[in-house]
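Encoded as C-alpha cells, the structure appears first; notes follow it.
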Amino acid sequence: MAINDATVRFSSGGWKSARLIIFVEMAERFAFFGISSNLITYLTGPMGESTAVAAANVNAWIGTISFLPLLWAFVADAFLGRFRTIIISSSLYILGLGLLSFSAMVWSHSPNQLHATLFFVSLYLIAIGQGGYKPCIKVFGADQFDENDVNESKAKSSYFNWLMFGNCVSISTTLFISTYIQEKVSWSLGFGIQCVSMLLALFLFLLGTKTYRFSTTRGGKNNPFARVGRVFMEAVKNRRQDHLSLGNASESLPLLPHQSSEQFRFLNRAAISCDLAEIEETKAVLRLVPIWMSCLVYAIVNAQASTFFIKQGATMDRSISPGFLVPSATFQSFINISIVIFIPIYDRVLVPAARSFTQIPSGITMLQRIGTGIFLSIIAMVVAALVETKRLQTAKDDLTIPMSVWWLVPQYVIYGVADVFTMAGLQEFFYDQVPSELRSVGMALNLSIFGAGNFLSSFMISVIDRVTSQSGQTSWFDNNLNKGHLDYFYWLLASLSLIGFAFYLGFTKSYVYNRPNTF
C-alpha cells in the first residue's frame with residue numbers, strides 16, 4: 001500500500017490507528033486465552049474425558065484454528081478485504097463464545113450428549129471466527145504505516161514489538177483472572193467474560209473506522225492469486241519446450257536477471273507469457289515451503305504448554321498459602337512474563353551488540369532469529385523431561401509433600417524466551433517475504449505452522465497412547481500421571497526437535513531473501 005499524499009498520511013493511519021488496533025488485539029487475546037489456556041482442565045473435569053482424549057481434542061481444536069486462516073486469508077486478499085473480513089469473523093467469534101458460555105451452563109445442570117455436542121459446535125464456531133480474525137488484524141494494523149515513508153517504515157517494525165508486548169500483558173492477565181473464576185466460581189461465568197471481552201474488541205475496532213487507511217487493490221488483473229496461478233499454468237503449458245530441445249535442457253529455459261532465478265527454474269518457462277516480477281513473486285512463495293516444513297517440530301513442542309504442562313502442574317504442590325491453591329493453568333503466564341521482560345533486553349541490548357559485529361540493522365537475520373528460538377525449544381524440552389523424571393521419582397517415593405509446582409517455571413521461562421526469537425521471527429518473516437498483496441496469506445501460513453504442529457501432536461499422542469497401553473501395559477499418558485511416562489514423551493520430542501533443527505539449518509543455507517536488502 002503506497003500512500004503519497006502527505007495530508008492523507010497525517011489525517012489517517014499511523015500510530016493513532018495502530019495503537020487502537022493493539023488494544024483491540026489485547027481484548028481478543030484476553031478472550032481467546034481465557035478459553036484455550038484452561039480448556040484441558042474443563043474437558044478432564046466437568047466433561048469427564050481422559051487425559052489423552054482431552055489433550056488430543058485440544059490439539060485438534062487449536063490445529064483447526066491455525067489452519068482456517070489460510071481459507072480466510074484467501075477470501076480477504078482476493079475478495080472481501082481485511083476490514084470486512086475482520087468484522088464478519090469477529091461476529092462469528094462472539095456468537096461462538098456466547099454459545100460456549102450457554103453450553104457450560106446447561107451442562108452443569110444436565111450433562112448429556114446433546115449438550116456435549118453444543119459445546120463442541122460452539123468451540124468450532126469460535127475456531128471459524130478466530131481463523132478469519134487472526135491473520136487480518138495484525139496485517140491491517142501494519143497496513144496503517146506507509147512502507148515507502150522512512151519514518152513510518154521504522155514505526156511499523158516497532159508496531160510488531162508493541163503488539164507482542166501488549167498481547168503478553170493481556171494473556172498474563174486472563175491466565176490469572178479467567179482461570180480462577182472458571183475453577184473457583186463458575187465455568188459458565190468464566191466463559192461469558194470472554195464473550196464480553198470480544199464484544200469490546202469489535203466495538204474498539206469499529207470506533208476507529210474513520211481513521212484507518214485501506215488497501216483497495218483487489219480482483220481482476222491485479223489479483224495476486226491470479227498472477228501466481230498464471231505463472232504455474234504458463235510454466236506447465238510451456239513444459240514441452242524442454243522435451244523438444246536437443247541440447248542441454250537448461251539451455252531452453254530463459255535466463256532471468258535475479259539471484260533467485262537459479263531456484264525453481266522450471267517456472268522460468270513462464271517468461272514467454274509472464275513478466276519477470278510475476279515469476280519472482282511466485283518463486284518467493286515457493287521458497288517459504290521448506291522453512292514452513294522445518295518449523296513443524298517447534299510447533300509440536302509448543303503445543304505441550306497448553307496441555308501436558310498443565311496436567312503436570314495439577315499433580316504438584318500448588319499452595320502459596322494455607323487453603324489457597326494456584327490453578328495449574330496460571331503458570332502459563334510465566335511464558336508471557338518472560339516475553340514481556342525479554343523483549344526490551346532483546347531490542348535494546350542484544351540487537352545493538354549483534355549489530356556491531358554483523359552490521360545488519362536487525363542484529364541478526366530473520367532466519368537466524370527463528371533458528372535461535374528452535375534451539376532454545378530443544379533445551380526447554382530437555383528441562384521438561386528432567387523435571388518430569390524427578391516428579392515421577394518423588395511420587396514413587398510416596399513422600400508426604402508432593403514436588404512443588406515451581407519446578408515447572410524454568411521450562412515455561414525458556415519457552416517464553418524461545419518465542420521472542422521464533423514466534424516473533426516467523427511473524428516478521430512471513431509478513432516480509434511474501435508479495436505485499438498476499439500478506440494476509442503470509443500471516444496465515446505462519447499460523448498454519450502451529451496448526452499443523454497441533455494436529456501432529458494430537459496424532460502422536462493418539463498413536464503413542466494406543467501402542468503403550470496394549471497388552472495391559474500402562475500408557476505414557478495414563479490418567480494418573482504418576483503411573484504414566486510423560487518424561488519418555490518429552491525425550492522423544494527433544495530428539496525430534498534436534499533432527500528438525502538440523503533440517504532447518506540445511507534449508508536456511510540455500511534460502512534467498514525475497515528482497516535483497518531484507519534480513
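How things are named: the first chain in the C-alpha cells is A, the next is B, and so on; residues count from 1 in each chain; ligands count from 1 in the order shown.
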
With 8 Å as the cut-off and only C-alpha atoms counted, what is the closest atom pair between each nearby residue of region 270-373 of chain A and region 444-456 of chain A? Distances in Å to one decimal, ordered by chain and number, as JSON lines.
```
{"residue": "A:Trp292", "atom": "CA", "partner": "A:Ile449", "partner_atom": "CA", "distance": 6.4}
{"residue": "A:Met293", "atom": "CA", "partner": "A:Ile449", "partner_atom": "CA", "distance": 7.7}
{"residue": "A:Cys295", "atom": "CA", "partner": "A:Ile449", "partner_atom": "CA", "distance": 7.0}
{"residue": "A:Leu296", "atom": "CA", "partner": "A:Gly453", "partner_atom": "CA", "distance": 5.4}
{"residue": "A:Val297", "atom": "CA", "partner": "A:Gly453", "partner_atom": "CA", "distance": 6.6}
{"residue": "A:Tyr298", "atom": "CA", "partner": "A:Gly453", "partner_atom": "CA", "distance": 7.6}
{"residue": "A:Ala299", "atom": "CA", "partner": "A:Gly453", "partner_atom": "CA", "distance": 4.5}
{"residue": "A:Ile300", "atom": "CA", "partner": "A:Gly453", "partner_atom": "CA", "distance": 4.3}
{"residue": "A:Val301", "atom": "CA", "partner": "A:Gly453", "partner_atom": "CA", "distance": 7.9}
{"residue": "A:Asn302", "atom": "CA", "partner": "A:Phe450", "partner_atom": "CA", "distance": 8.0}
{"residue": "A:Ala303", "atom": "CA", "partner": "A:Asn454", "partner_atom": "CA", "distance": 5.9}
```

Kindly provide the residues of region 17-70 of chain A that approach region 100-108 of chain A to within 10 Å, each paired with its closest atom pair and their distance in Å to one decimal, based on only C-alpha atoms, listed by chain and increasing number, as CSV.
```
residue,atom,partner,partner_atom,distance
A:Ile35,CA,A:Leu100,CA,9.5
A:Tyr42,CA,A:Ala104,CA,9.5
A:Pro46,CA,A:Ser108,CA,7.6
A:Met47,CA,A:Trp107,CA,8.4
```

**Request:** Report the residues of region 240-481 of chain A whose backbone DSSP state falls under alpha helix (DSSP H), written as an MDAnalysis selection string.
**Result:** chainID A and resid 240:244 276:286 288:294 296:302 308:314 333:345 351:358 366:396 409:432 439:468

**Prompt:** Which residues come within 6 Å of region 188-198 of chain A, counting only C-alpha atoms, excluding same-chain residues fewer than 2 positions away, as number ranges by chain?
**Reply:** A: 27-28, 31, 94, 97-98, 101, 104-105, 178, 181-182, 186, 200-201

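Closest approach to Ala384 (chain A) from the set A:Ser66, A:Thr365, A:Gln304, A:Ser333 is made by A:Gln304, with distances taken over only C-alpha atoms.
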
**Complete:** Using only C-alpha atoms, the best pick from A:Ile339, A:Val405, A:Val467, A:Val387 as closest to Ser172 (chain A) would be A:Ile339

**Message:** So that I can check the surroundings of Ile374 (chain A), please list as a list in words every protein, DNA and RNA residue that reaches within 9 Å of it, counting only C-alpha atoms and ignoring chain neighbours fewer than 3 positions away.
**Reply:** Cys295, Val297, Tyr298, Arg369, Ile370, Gly371, Ser377, Ile378, Ala418, Asp419, Phe421, Thr422, Ser497, Leu498, Gly500 and Phe501 of chain A

Dump as a tab-separated table the rows for residues of region 322-398 of chain A within 10 Å of region 487-491 of chain A: closest atom pair and distance in Å with one decimal, only C-alpha atoms counted, ordered by chain and rising residue number.
```
residue	atom	partner	partner_atom	distance
A:Ile378	CA	A:Trp491	CA	9.7
A:Ala380	CA	A:Tyr490	CA	9.6
A:Met381	CA	A:Tyr490	CA	6.0
A:Val382	CA	A:Trp491	CA	6.6
A:Val383	CA	A:Tyr490	CA	9.1
A:Ala384	CA	A:Tyr490	CA	6.7
A:Ala385	CA	A:Asp487	CA	4.6
A:Leu386	CA	A:Asp487	CA	7.2
A:Val387	CA	A:Asp487	CA	8.2
A:Glu388	CA	A:Asp487	CA	5.4
A:Thr389	CA	A:Asp487	CA	5.8
A:Lys390	CA	A:Asp487	CA	9.3
A:Arg391	CA	A:Asp487	CA	9.5
A:Leu392	CA	A:Asp487	CA	8.6
```

Write out the residues from the selection above, keeping C-alpha atoms, as a PDB file, in the first residue's frame.
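Output below, filename selection_16.pdb:
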```
ATOM      1  CA  ILE A 378      15.150 -28.162  22.455  1.00  0.00           C
ATOM      2  CA  ALA A 380      13.163 -26.410  27.144  1.00  0.00           C
ATOM      3  CA  MET A 381      12.111 -29.940  26.223  1.00  0.00           C
ATOM      4  CA  VAL A 382      15.201 -31.444  27.872  1.00  0.00           C
ATOM      5  CA  VAL A 383      14.493 -29.449  31.045  1.00  0.00           C
ATOM      6  CA  ALA A 384      10.848 -30.586  30.971  1.00  0.00           C
ATOM      7  CA  ALA A 385      11.947 -34.215  30.664  1.00  0.00           C
ATOM      8  CA  LEU A 386      14.371 -33.913  33.585  1.00  0.00           C
ATOM      9  CA  VAL A 387      11.752 -32.222  35.791  1.00  0.00           C
ATOM     10  CA  GLU A 388       9.164 -34.870  34.953  1.00  0.00           C
ATOM     11  CA  THR A 389      11.670 -37.626  35.781  1.00  0.00           C
ATOM     12  CA  LYS A 390      12.226 -36.047  39.186  1.00  0.00           C
ATOM     13  CA  ARG A 391       8.469 -35.615  39.724  1.00  0.00           C
ATOM     14  CA  LEU A 392       7.844 -39.289  38.979  1.00  0.00           C
TER      15      LEU A 392
END
```

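Residue nearest Thr307 (chain A) within the list A:Leu367, A:Ile341, A:Ile320, A:Val58: A:Val58 [criterion: smallest interatomic distance, only C-alpha atoms].
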
**Request:** Measuring atom to atom with only C-alpha atoms, identify which of A:Ala76, A:Ala54, A:Ile22, A:Met366 is nearest to Arg439 (chain A).
**Result:**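 Nearest to Arg439 (chain A): A:Ala76.
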
**Request:** Give me the residues within 6 Å of region 128-133 of chain A as a ChimeraX atom specification, counting only C-alpha atoms and dropping any in the same chain fewer than 4 places off.
**Result:** /A:65,68-69,72,86,89-90,92-93
